[in-house]
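Peer 1: To be precise about what I am sending: the file is called structure-v6.csv and holds CSV, C-alpha atoms.
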chain,number,residue,atom,x,y,z
A,1,LYS,CA,-37.0,-3.6,5.4
A,2,ASP,CA,-37.1,-5.6,2.1
A,3,ASN,CA,-36.5,-9.3,2.2
A,4,ILE,CA,-35.3,-9.5,-1.4
A,5,TRP,CA,-32.0,-10.7,-0.1
A,6,ILE,CA,-33.6,-14.0,0.9
A,7,GLU,CA,-34.8,-14.5,-2.7
A,8,LEU,CA,-31.2,-13.7,-3.9
A,9,VAL,CA,-29.4,-16.2,-1.7
A,10,GLY,CA,-28.0,-19.0,-3.8
A,11,GLN,CA,-29.1,-17.5,-7.1
A,12,LYS,CA,-26.8,-17.1,-10.2
A,13,ILE,CA,-26.8,-15.1,-13.4
A,14,GLY,CA,-29.7,-16.1,-15.6
A,15,ASP,CA,-32.0,-17.0,-12.7
A,16,PHE,CA,-35.4,-15.3,-12.1
A,17,VAL,CA,-36.4,-13.8,-8.8
A,18,GLU,CA,-39.8,-12.3,-7.7
A,19,TYR,CA,-40.0,-8.9,-6.1
A,20,ASN,CA,-43.2,-6.8,-5.6
A,21,ASN,CA,-45.2,-9.3,-7.6
A,22,LYS,CA,-42.8,-8.9,-10.6
A,23,GLN,CA,-40.2,-11.2,-12.0
A,24,PHE,CA,-36.7,-10.0,-12.6
A,25,ILE,CA,-33.7,-11.8,-14.3
A,26,ILE,CA,-30.3,-11.6,-12.7
A,27,GLU,CA,-28.0,-10.2,-15.4
A,28,ASN,CA,-24.9,-9.4,-13.3
A,29,ILE,CA,-23.5,-10.2,-9.9
A,30,GLN,CA,-20.8,-7.9,-8.5
A,31,ASP,CA,-18.5,-8.2,-5.4
A,32,LYS,CA,-19.5,-5.9,-2.6
A,33,TYR,CA,-16.0,-4.3,-2.6
A,34,VAL,CA,-16.5,-3.4,-6.3
A,35,ILE,CA,-19.7,-1.5,-5.3
A,36,PHE,CA,-17.9,0.2,-2.5
A,37,HIS,CA,-15.1,1.3,-4.8
A,38,GLN,CA,-17.4,2.7,-7.3
A,39,TYR,CA,-19.3,4.7,-4.6
A,40,CYS,CA,-16.0,6.1,-3.2
A,41,PHE,CA,-14.9,7.3,-6.6
A,42,SER,CA,-18.3,8.8,-7.4
A,43,LYS,CA,-18.0,10.9,-4.2
A,44,LEU,CA,-14.4,11.8,-4.6
A,45,ASP,CA,-13.9,15.0,-6.7
A,46,MET,CA,-10.9,14.3,-8.9
A,47,LYS,CA,-11.4,17.3,-11.2
A,48,SER,CA,-10.1,20.8,-11.0
A,49,MET,CA,-12.4,23.6,-9.9
A,50,GLY,CA,-12.7,24.6,-13.5
A,51,GLU,CA,-12.2,28.3,-12.8
A,52,GLY,CA,-9.5,28.7,-15.5
A,53,PHE,CA,-6.7,31.3,-15.2
A,54,ARG,CA,-7.1,34.9,-14.1
A,55,ALA,CA,-4.7,37.7,-13.6
A,56,ILE,CA,-3.9,38.8,-10.1
A,57,THR,CA,-2.0,41.8,-8.7
A,58,PHE,CA,1.1,41.5,-6.5
A,59,GLU,CA,-0.9,42.7,-3.6
A,60,GLU,CA,-3.4,39.9,-4.1
A,61,LEU,CA,-0.8,37.2,-4.2
A,62,PRO,CA,-0.6,36.5,-0.4
A,63,ILE,CA,-4.4,36.2,-0.2
A,64,VAL,CA,-4.5,33.9,-3.2
A,65,MET,CA,-1.6,31.8,-1.9
A,66,LYS,CA,-3.3,31.5,1.5
A,67,GLU,CA,-6.5,30.2,-0.1
A,68,ILE,CA,-4.6,27.8,-2.3
A,69,SER,CA,-2.7,26.4,0.8
A,70,LYS,CA,-5.9,26.0,2.8
A,71,SER,CA,-7.6,24.3,-0.2
A,72,SER,CA,-4.6,22.0,-0.7
A,73,GLU,CA,-4.4,21.1,3.0
A,74,ASN,CA,-8.1,20.3,3.2
A,75,ASN,CA,-8.0,18.3,0.0
A,76,TYR,CA,-5.2,16.1,1.3
A,77,LYS,CA,-6.8,15.8,4.7
A,78,ILE,CA,-9.9,14.4,3.1
A,79,LYS,CA,-7.9,12.0,0.9
A,80,PHE,CA,-5.8,10.8,3.8
A,81,ASP,CA,-8.9,10.3,6.0
A,82,MET,CA,-10.4,8.2,3.2
A,83,TYR,CA,-7.2,6.3,2.7
A,84,ASN,CA,-7.2,5.3,6.3
A,85,PHE,CA,-8.3,1.6,6.3
A,86,LYS,CA,-8.3,1.5,10.1
A,87,ASP,CA,-11.5,3.6,10.1
A,88,ASN,CA,-12.8,2.7,6.6
A,89,GLU,CA,-13.7,-0.7,5.3
A,90,VAL,CA,-12.7,0.3,1.8
A,91,GLY,CA,-10.3,3.3,1.9
A,92,LEU,CA,-8.6,4.6,-1.2
A,93,PRO,CA,-5.6,3.4,-3.3
A,94,PHE,CA,-2.3,5.1,-2.9
A,95,SER,CA,-2.1,6.1,-6.6
A,96,LYS,CA,-3.2,8.8,-9.0
A,97,VAL,CA,-5.9,9.9,-6.7
A,98,PHE,CA,-3.1,11.4,-4.6
A,99,TYR,CA,-0.4,12.4,-7.0
A,100,GLY,CA,-1.8,12.4,-10.6
A,101,ASP,CA,1.0,11.7,-13.0
A,102,ASN,CA,3.6,13.4,-10.7
A,103,LEU,CA,5.9,10.6,-9.5
A,104,GLU,CA,7.9,13.3,-7.7
A,105,LEU,CA,4.9,14.0,-5.5
A,106,SER,CA,4.3,10.2,-5.1
A,107,PHE,CA,7.8,10.0,-3.3
A,108,GLU,CA,7.0,13.0,-1.2
A,109,LEU,CA,3.6,11.6,0.0
A,110,PHE,CA,5.0,8.1,0.4
A,111,ASN,CA,7.7,9.5,2.7
A,112,MET,CA,5.1,11.6,4.5
A,113,ILE,CA,3.1,8.5,5.3
A,114,LEU,CA,6.1,6.6,6.6
A,115,THR,CA,7.4,9.4,8.8
A,116,ASN,CA,4.1,10.6,10.3
A,117,ASP,CA,2.9,8.7,13.3
A,118,ASN,CA,-0.7,9.4,12.4
A,119,TYR,CA,-0.5,7.5,9.1
A,120,SER,CA,0.0,3.9,8.0
A,121,PHE,CA,0.9,2.5,4.6
A,122,TYR,CA,-1.7,-0.2,3.9
A,123,ILE,CA,-0.5,-3.1,1.8
A,124,GLY,CA,-2.7,-5.9,3.0
A,125,ASP,CA,-1.6,-9.1,4.8
A,126,ASN,CA,1.1,-11.6,3.9
A,127,ASN,CA,-0.3,-14.2,1.6
A,128,ASN,CA,1.6,-17.3,2.7
A,129,ASN,CA,-0.1,-19.4,0.0
A,130,PHE,CA,1.2,-17.2,-2.9
A,131,ASN,CA,3.2,-19.5,-5.2
A,132,CYS,CA,3.5,-18.3,-8.9
A,133,GLY,CA,6.1,-18.9,-11.5
A,134,ASN,CA,5.9,-15.5,-13.3
A,135,ILE,CA,5.3,-12.4,-11.3
A,136,VAL,CA,4.2,-8.8,-12.2
A,137,ILE,CA,5.4,-6.0,-10.0
A,138,SER,CA,3.4,-2.9,-9.1
A,139,TYR,CA,4.6,0.7,-8.8
A,140,GLN,CA,3.9,0.8,-5.1
A,141,THR,CA,6.1,-2.3,-4.6
A,142,LEU,CA,8.9,-0.6,-6.5
A,143,LEU,CA,8.5,2.4,-4.1
A,144,LEU,CA,8.9,0.1,-1.1
A,145,LEU,CA,11.7,-1.9,-2.5
A,146,GLU,CA,13.7,1.2,-3.2
A,147,ASN,CA,13.0,2.8,0.1
A,148,TYR,CA,14.3,-0.2,2.0
A,149,ASN,CA,17.2,-0.9,-0.4
A,150,LEU,CA,15.8,-4.1,-1.6
A,151,LEU,CA,15.6,-3.6,-5.4
A,152,ASP,CA,18.5,-6.0,-6.0
A,153,ILE,CA,16.4,-8.9,-4.9
A,154,ILE,CA,14.6,-8.6,-8.2
A,155,LEU,CA,17.9,-9.1,-10.0
A,156,ASN,CA,18.5,-12.5,-8.5
A,157,GLU,CA,15.8,-13.9,-10.9
A,158,PRO,CA,15.1,-11.1,-13.4
A,159,GLN,CA,13.6,-13.5,-16.0
A,160,LYS,CA,10.5,-14.2,-13.8
A,161,TYR,CA,9.5,-10.6,-13.2
A,162,TYR,CA,7.3,-8.5,-15.5
A,163,ILE,CA,6.0,-4.9,-15.6
A,164,SER,CA,3.7,-3.1,-18.0
A,165,SER,CA,5.3,-0.8,-20.5
A,166,SER,CA,3.1,2.1,-19.3
A,167,THR,CA,4.7,1.8,-15.8
A,168,ARG,CA,8.2,1.8,-17.4
A,169,ASP,CA,7.3,4.7,-19.7
A,170,ILE,CA,6.0,7.0,-17.0
A,171,ILE,CA,9.1,6.4,-14.8
A,172,ALA,CA,11.4,7.1,-17.7
A,173,THR,CA,9.5,10.2,-18.7
A,174,GLN,CA,9.6,11.6,-15.1
A,175,ILE,CA,13.3,11.1,-15.0
A,176,ILE,CA,13.8,13.2,-18.2
A,177,GLU,CA,11.4,15.9,-17.0
A,178,LEU,CA,13.0,16.2,-13.5
A,179,LYS,CA,16.6,16.3,-14.9
A,180,GLN,CA,15.5,19.1,-17.2
A,181,ASN,CA,14.3,21.1,-14.2
A,182,SER,CA,16.1,19.6,-11.2
A,183,LYS,CA,16.1,22.8,-9.2
A,184,LYS,CA,13.0,24.8,-8.8
A,185,LEU,CA,12.3,28.1,-7.1
A,186,MET,CA,9.1,27.4,-5.0
A,187,ILE,CA,6.7,30.0,-3.5
A,188,ALA,CA,4.5,28.8,-0.6
A,189,TYR,CA,2.3,30.1,2.1
A,190,SER,CA,2.7,29.0,5.7
A,191,LEU,CA,-0.7,28.7,7.4
A,192,GLU,CA,1.0,28.5,10.7
A,193,ASP,CA,3.1,31.7,10.4
A,194,GLU,CA,0.6,33.3,8.0
A,195,LYS,CA,3.2,34.6,5.6
A,196,MET,CA,4.7,33.7,2.2
A,197,TYR,CA,8.2,32.3,1.8
A,198,SER,CA,10.3,31.0,-1.1
A,199,TYR,CA,12.8,28.2,-1.2
A,200,GLU,CA,14.8,26.2,-3.7
A,201,LYS,CA,13.6,22.7,-4.3
A,202,ASP,CA,16.3,20.2,-5.4
A,203,CYS,CA,15.0,17.0,-7.1
A,204,TYR,CA,18.4,15.3,-7.1
A,205,GLU,CA,17.4,12.6,-4.5
A,206,ILE,CA,14.2,11.7,-6.2
A,207,ILE,CA,15.9,11.6,-9.6
A,208,GLU,CA,18.4,9.1,-8.2
A,209,LYS,CA,15.6,7.0,-6.7
A,210,LEU,CA,13.8,6.8,-10.0
A,211,LYS,CA,17.0,6.0,-11.8
A,212,LYS,CA,17.7,3.1,-9.4
A,213,ILE,CA,14.2,1.8,-10.2
A,214,ASN,CA,14.6,2.3,-13.9
A,215,LYS,CA,17.9,0.5,-13.9
A,216,VAL,CA,16.2,-2.6,-12.5
A,217,LEU,CA,13.4,-2.4,-14.9
A,218,GLN,CA,15.9,-2.6,-17.8
A,219,LYS,CA,16.7,-6.2,-16.6
A,220,ILE,CA,13.2,-7.6,-16.3
A,221,ASN,CA,10.4,-8.3,-18.8
A,222,ILE,CA,8.5,-5.3,-20.2
A,223,GLU,CA,5.1,-6.1,-21.7
A,224,ASP,CA,2.6,-4.1,-23.6
A,225,ILE,CA,-1.0,-4.8,-22.6
A,226,SER,CA,-4.3,-3.9,-24.3
A,227,TYR,CA,-7.7,-4.7,-22.8
A,228,GLN,CA,-11.2,-3.4,-22.4
A,229,ILE,CA,-11.9,-2.1,-19.0
A,230,THR,CA,-14.9,-3.8,-17.5
A,231,ASP,CA,-17.8,-1.9,-16.0
A,232,GLU,CA,-16.9,-3.0,-12.5
A,233,ILE,CA,-13.6,-1.2,-12.5
A,234,ILE,CA,-14.1,1.7,-14.9
A,235,ASN,CA,-14.2,4.3,-12.0
A,236,TYR,CA,-11.0,2.8,-10.5
A,237,SER,CA,-9.2,3.1,-13.9
A,238,ARG,CA,-9.1,6.8,-13.4
A,239,ALA,CA,-7.1,6.4,-10.2
A,240,PHE,CA,-3.8,5.3,-11.8
A,241,ILE,CA,-3.8,3.5,-15.2
A,242,THR,CA,-0.6,1.6,-14.6
A,243,ASP,CA,-2.2,-0.2,-11.7
A,244,ILE,CA,-4.9,-1.5,-13.9
A,245,ASP,CA,-2.3,-2.3,-16.7
A,246,ASN,CA,-0.3,-4.4,-14.3
A,247,VAL,CA,-3.4,-6.3,-13.0
A,248,TYR,CA,-4.5,-7.0,-16.5
A,249,LEU,CA,-1.0,-8.0,-17.5
A,250,ALA,CA,-0.8,-10.6,-14.7
A,251,SER,CA,-4.2,-11.9,-15.8
A,252,LYS,CA,-3.0,-12.2,-19.4
A,253,LEU,CA,0.3,-14.0,-18.5
A,254,ASN,CA,-1.5,-16.2,-16.0
A,255,ALA,CA,1.0,-14.9,-13.5
A,256,GLY,CA,0.9,-13.6,-9.9
A,257,ILE,CA,1.2,-10.0,-9.0
A,258,ILE,CA,3.0,-8.2,-6.1
A,259,VAL,CA,1.0,-5.2,-5.3
A,260,ASP,CA,1.5,-3.1,-2.2
A,261,ASP,CA,-1.8,-1.4,-2.0
A,262,LEU,CA,-4.7,-2.8,0.0
A,263,PHE,CA,-7.4,-1.1,-2.1
A,264,THR,CA,-6.0,-2.8,-5.3
A,265,ARG,CA,-5.7,-6.2,-3.6
A,266,LYS,CA,-9.4,-6.0,-2.5
A,267,LEU,CA,-10.4,-5.0,-6.0
A,268,ILE,CA,-8.5,-8.0,-7.4
A,269,ASN,CA,-10.4,-10.3,-5.0
A,270,GLY,CA,-13.6,-9.0,-6.4
A,271,CYS,CA,-12.8,-8.7,-10.1
A,272,PHE,CA,-10.0,-11.2,-10.6
A,273,PRO,CA,-10.7,-13.9,-8.0
A,274,SER,CA,-8.4,-16.4,-9.6
A,275,LEU,CA,-5.4,-14.0,-9.7
A,276,GLY,CA,-2.8,-14.7,-7.1
A,277,HIS,CA,-1.4,-11.7,-5.3
A,278,ASN,CA,0.8,-10.8,-2.4
A,279,ASN,CA,2.7,-7.8,-1.0
A,280,ILE,CA,6.4,-7.1,-0.4
A,281,SER,CA,6.5,-10.0,2.1
A,282,TYR,CA,7.2,-12.2,-1.0
A,283,PHE,CA,10.6,-10.6,-1.4
A,284,LEU,CA,11.2,-10.4,2.4
A,285,SER,CA,10.7,-14.2,2.7
A,286,LYS,CA,13.5,-14.6,0.1
A,287,LEU,CA,15.8,-12.3,2.1
A,288,LEU,CA,14.9,-14.2,5.2
A,289,LYS,CA,16.6,-17.3,3.7
A,290,ASP,CA,19.6,-15.4,2.3
A,291,ASP,CA,20.3,-13.0,5.1
A,292,PRO,CA,17.9,-13.4,8.1
A,293,LYS,CA,19.6,-10.8,10.3
A,294,ILE,CA,19.3,-8.1,7.7
A,295,CYS,CA,15.7,-9.2,7.1
A,296,TYR,CA,14.8,-9.0,10.8
A,297,CYS,CA,16.2,-5.4,10.9
A,298,ILE,CA,14.2,-4.4,7.8
A,299,LEU,CA,11.1,-5.9,9.2
A,300,GLU,CA,11.6,-3.9,12.4
A,301,LYS,CA,12.0,-0.7,10.4
A,302,MET,CA,8.9,-1.4,8.3
A,303,ILE,CA,6.8,-2.1,11.5
A,304,LYS,CA,8.1,1.2,13.0
A,305,ASP,CA,7.1,2.9,9.7
A,306,LYS,CA,3.6,1.3,10.0
A,307,VAL,CA,3.8,-0.6,6.8
A,308,LYS,CA,0.8,-2.9,7.3
A,309,TYR,CA,1.4,-5.9,7.1
A,310,VAL,CA,4.7,-7.6,6.7
A,311,ILE,CA,4.8,-10.3,9.4
A,312,ASN,CA,2.6,-13.4,9.5
A,313,ASN,CA,2.6,-16.3,11.9
A,314,GLU,CA,5.3,-18.3,10.2
A,315,MET,CA,7.6,-15.3,10.0
A,316,PHE,CA,7.0,-14.4,13.6
A,317,ILE,CA,7.8,-17.9,14.9
A,318,GLU,CA,11.0,-17.8,12.8
A,319,ILE,CA,12.0,-14.5,14.5
A,320,LEU,CA,11.1,-15.6,18.0
A,321,THR,CA,13.0,-18.9,17.8
A,322,ASN,CA,16.1,-17.6,15.9
A,323,TYR,CA,16.8,-14.0,16.7
A,324,LYS,CA,19.3,-14.8,19.5
A,325,LYS,CA,21.2,-17.1,17.2
A,326,LEU,CA,21.8,-14.1,14.9
A,327,GLY,CA,23.3,-12.0,17.7
A,328,LEU,CA,20.2,-9.9,18.4
A,329,ASN,CA,19.5,-9.4,22.1
A,330,PHE,CA,16.3,-9.6,24.2
A,331,GLU,CA,15.9,-5.8,24.3
A,332,TRP,CA,15.7,-5.9,20.5
A,333,PHE,CA,13.0,-8.5,20.6
A,334,LYS,CA,11.0,-6.5,23.3
A,335,ASN,CA,11.2,-3.4,21.2
A,336,LEU,CA,9.9,-5.3,18.2
A,337,ILE,CA,6.9,-6.6,20.1
A,338,LEU,CA,6.0,-3.1,21.5
A,339,LYS,CA,6.2,-1.6,18.0
A,340,MET,CA,3.9,-4.3,16.7
A,341,ILE,CA,1.2,-3.6,19.2
A,342,GLU,CA,1.7,0.1,20.0
A,343,ASP,CA,-1.4,1.3,18.2
A,344,ASN,CA,-3.5,-1.7,19.5
A,345,ASP,CA,-3.4,-3.3,16.1
A,346,SER,CA,-5.6,-6.4,16.2
A,347,TYR,CA,-3.9,-8.0,13.2
A,348,TYR,CA,-0.5,-8.1,14.8
A,349,ARG,CA,-1.9,-9.0,18.2
A,350,ASN,CA,-3.6,-12.0,16.7
A,351,VAL,CA,-0.4,-13.0,14.9
A,352,ILE,CA,1.6,-12.8,18.1
A,353,HIS,CA,-1.0,-14.6,20.2
A,354,SER,CA,-1.6,-17.5,17.8
A,355,SER,CA,2.1,-17.9,17.1
A,356,CYS,CA,2.8,-18.2,20.8
A,357,GLN,CA,0.1,-20.8,21.2
A,358,LYS,CA,1.7,-22.9,18.5
A,359,ILE,CA,5.2,-22.5,20.1
A,360,VAL,CA,3.7,-23.6,23.5
A,361,THR,CA,2.1,-26.7,22.0
A,362,GLU,CA,4.8,-27.8,19.5
A,363,SER,CA,8.2,-26.5,20.8
A,364,ASP,CA,10.3,-26.8,23.9
A,365,LYS,CA,8.8,-23.7,25.5
A,366,ILE,CA,11.3,-23.5,28.3
A,367,ASN,CA,13.8,-22.2,25.7
A,368,TYR,CA,11.6,-19.2,25.0
A,369,LEU,CA,10.2,-18.6,28.5
A,370,ASN,CA,11.3,-15.0,28.9
A,371,GLU,CA,9.9,-14.1,25.4
A,372,LEU,CA,6.5,-15.8,26.2
A,373,ILE,CA,6.2,-14.1,29.6
A,374,PHE,CA,7.0,-10.7,28.1
A,375,ILE,CA,4.5,-11.2,25.3
A,376,GLY,CA,1.8,-12.4,27.7
A,377,GLN,CA,2.4,-9.3,29.8
A,378,SER,CA,2.4,-7.0,26.8
A,379,LEU,CA,-0.8,-8.4,25.4
A,380,GLY,CA,-2.5,-8.1,28.9
A,381,LEU,CA,-2.9,-11.9,29.2
A,382,PHE,CA,-1.5,-11.8,32.7
A,383,SER,CA,-0.1,-9.1,35.1
A,384,LYS,CA,3.5,-8.0,35.3
A,385,LYS,CA,3.9,-8.9,38.9
Mind turning the file's structure into structure tokens?

Peer 2:
Amino acid sequence: KDNIWIELVGQKIGDFVEYNNKQFIIENIQDKYVIFHQYCFSKLDMKSMGEGFRAITFEELPIVMKEISKSSENNYKIKFDMYNFKDNEVGLPFSKVFYGDNLELSFELFNMILTNDNYSFYIGDNNNNFNCGNIVISYQTLLLLENYNLLDIILNEPQKYYISSSTRDIIATQIIELKQNSKKLMIAYSLEDEKMYSYEKDCYEIIEKLKKINKVLQKINIEDISYQITDEIINYSRAFITDIDNVYLASKLNAGIIVDDLFTRKLINGCFPSLGHNNISYFLSKLLKDDPKICYCILEKMIKDKVKYVINNEMFIEILTNYKKLGLNFEWFKNLILKMIEDNDSYYRNVIHSSCQKIVTESDKINYLNELIFIGQSLGLFSKK
């Protein structure tokens, strides 16, 4: 109803605006995503119920375990619903809001997202203009690199990569803690079967994953960082302090940052607009030059796992025009296209469509006629007759 936005257009900090016959001075201007982020975290309950401890009898245990299981299931359902950027403009970060300081749990939830058809791992799009000398790496990126056996790419140029000491420390601490208690007897309650059960949980695989990451971190630059968190991101700082550490570290070093979390990348756009950032595609583009066939297969796997997004126009054109030269067949290409568009994802549909338009106008399209026809049919641009 109010038209104050008309008065605010074009104004800057220090300007005066009139509203309801009163004059106000503009003291601060915040990005809309910063406001959204603060609102999300103000609504998200990140505290315990505060009930403390109480003694229970053996007979009460199944009832209590059932209530804990229901509460935990509902809690994660709410968080995953809020994380879903497909239905939310802002979403949540994949960070402490999900797993606290428990990196063991971060691996479990990360794997859950990649293996569940209902979830996607949101990392933002491929920034083709990203070009930085020194680069800070985020924890989420380390998760992805380890999962797809790409950690060694970092070791090709270890001198250019940085990470905050807080990230290194929490990884080292988790390794020690998990090794001290690598096998755990767990008690759980199955809501489906409505009964309790016990099982032994072996942390060996996660310990090995963390050790691989830690081994790489020993080869790159570790930097301490101190800063004063600004009002715009004070709520987000609760989500996972190492995320903030690495963002501030990149700003301090005048470096770029590889961060595979869409929420954090949107926050950077609002609070650190001059800070260059990209996702794991930065490393994939390097692999594309060194071993394109391996890169194509990893891209295919990441698309199947719904890691969004790893292919942009330039990369797609590279795949379409070169996959046969690497010994991959037409069936492989068709499967890739179908995986890219299977959930009617507008981003990949636009990438495929615009890339094909460029090929038609700039290349000898007769060489790629079968590919172009299949793409046109798959996108519904023309019938399959």

Peer 1: When distances are computed from only C-alpha atoms, which of A:Lys334, A:Arg349, A:Lys306, A:Lys183 shows the smallest separation from A:Met112?

Peer 2: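 Using only C-alpha atoms, the shortest distance to A:Met112 belongs to A:Lys306.
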
Peer 1: Quick one: pull the distance between atom CA of A:Ser120 and atom CA of A:Asp290, Å, one decimal.

Peer 2: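 Pair atom CA of A:Ser120 / atom CA of A:Asp290 returns 28.1 Å.
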
Peer 1: For A:Tyr309, which residue out of A:Phe374, A:Ile280, A:Lys266, A:Lys211 is the nearest one, using only C-alpha atoms?

Peer 2: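 Under the stated criterion, the closest residue is A:Ile280.
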
Peer 1: One decimal, in Å: what's the spacing between atom CA of A:Ser182 and atom CA of A:Phe98?

Peer 2: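 That distance, rounded to one decimal, is 21.9 Å.
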
Peer 1: May I have the residues at most 10 Å from (1.9, -4.2, 20.0) in the file's coordinates, counting all atoms listed in the file, as a CSV table (one decimal) with C-alpha atoms, in the coordinates of the input?

Peer 2:
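Result file follows (point.csv):
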chain,number,residue,atom,x,y,z
A,334,LYS,CA,11.0,-6.5,23.3
A,335,ASN,CA,11.2,-3.4,21.2
A,336,LEU,CA,9.9,-5.3,18.2
A,337,ILE,CA,6.9,-6.6,20.1
A,338,LEU,CA,6.0,-3.1,21.5
A,339,LYS,CA,6.2,-1.6,18.0
A,340,MET,CA,3.9,-4.3,16.7
A,341,ILE,CA,1.2,-3.6,19.2
A,342,GLU,CA,1.7,0.1,20.0
A,343,ASP,CA,-1.4,1.3,18.2
A,344,ASN,CA,-3.5,-1.7,19.5
A,345,ASP,CA,-3.4,-3.3,16.1
A,346,SER,CA,-5.6,-6.4,16.2
A,347,TYR,CA,-3.9,-8.0,13.2
A,348,TYR,CA,-0.5,-8.1,14.8
A,349,ARG,CA,-1.9,-9.0,18.2
A,352,ILE,CA,1.6,-12.8,18.1
A,375,ILE,CA,4.5,-11.2,25.3
A,378,SER,CA,2.4,-7.0,26.8
A,379,LEU,CA,-0.8,-8.4,25.4

Peer 1: For A:Leu288, work out the shell of residues within 10 Å, counting all atoms listed in the file and skipping chain neighbours fewer than 4 positions away, then give it as a PyMOL selection string.

Peer 2: chain A and resi 281+283-284+292-296+299+315+318-319

Peer 1: Can you tell me how far atom CA of A:Val310 sits from atom CA of A:Leu326, in Å to one decimal?

Peer 2: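 Interatomic distance here is 20.0 Å.
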
Peer 1: Please provide the set of residues having any atom within 9 Å of stretch 101-108 of chain A, restricted to all atoms listed in the file, with same-chain residues fewer than 5 positions apart removed, written as a short mmCIF file (atom, residue, chain, number, x, y, z; two decimals) with C-alpha atoms, in the coordinates of the input.

Peer 2:
data_model
loop_
_atom_site.label_atom_id
_atom_site.label_comp_id
_atom_site.auth_asym_id
_atom_site.auth_seq_id
_atom_site.Cartn_x
_atom_site.Cartn_y
_atom_site.Cartn_z
CA PHE A 94 -2.30 5.10 -2.90
CA SER A 95 -2.10 6.10 -6.60
CA LYS A 96 -3.20 8.80 -9.00
CA ILE A 113 3.10 8.50 5.30
CA LEU A 143 8.50 2.40 -4.10
CA ILE A 170 6.00 7.00 -17.00
CA ILE A 171 9.10 6.40 -14.80
CA GLN A 174 9.60 11.60 -15.10
CA LEU A 178 13.00 16.20 -13.50
CA CYS A 203 15.00 17.00 -7.10
CA ILE A 206 14.20 11.70 -6.20
CA ILE A 207 15.90 11.60 -9.60
CA LEU A 210 13.80 6.80 -10.00
CA PHE A 240 -3.80 5.30 -11.80
#

Peer 1: Do you know which residues are at most 9 Å from A:Ile268 counting only C-alpha atoms, after dropping those on the same chain fewer than 6 positions away, and could you put them as a list in words?

Peer 2: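 Close residues of A:Ile268: Val247, Ser274, Leu275, Gly276 and His277 of chain A.
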
Peer 1: Please determine, counting all atoms listed in the file, which residue among A:Phe16, A:Tyr161, A:Tyr248, A:Tyr139 has the shortest atom-to-atom distance to A:Ile225.

Peer 2: A:Tyr248

Peer 1: Using only C-alpha atoms, pick whichever of A:Ile359, A:Leu249, A:Gln140, A:Lys286 has the shortest atom-to-atom distance to A:Thr264.

Peer 2: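 Ranked by minimum distance to A:Thr264, first place goes to A:Gln140.
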
Peer 1: Choose the residue, out of A:Gln218, A:Cys356, A:Asp81, A:Glu177, that has the smallest atom-to-atom separation from A:Gln159; count only C-alpha atoms.

Peer 2: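 Smallest separation from A:Gln159 among the options: A:Gln218.
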
Peer 1: With distances taken over all atoms listed in the file, which of A:Leu262, A:Ile257, A:Leu142, A:Ile213 is nearest to A:Tyr162?

Peer 2: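 The shortest atom-to-atom distance to A:Tyr162 comes from A:Ile257.
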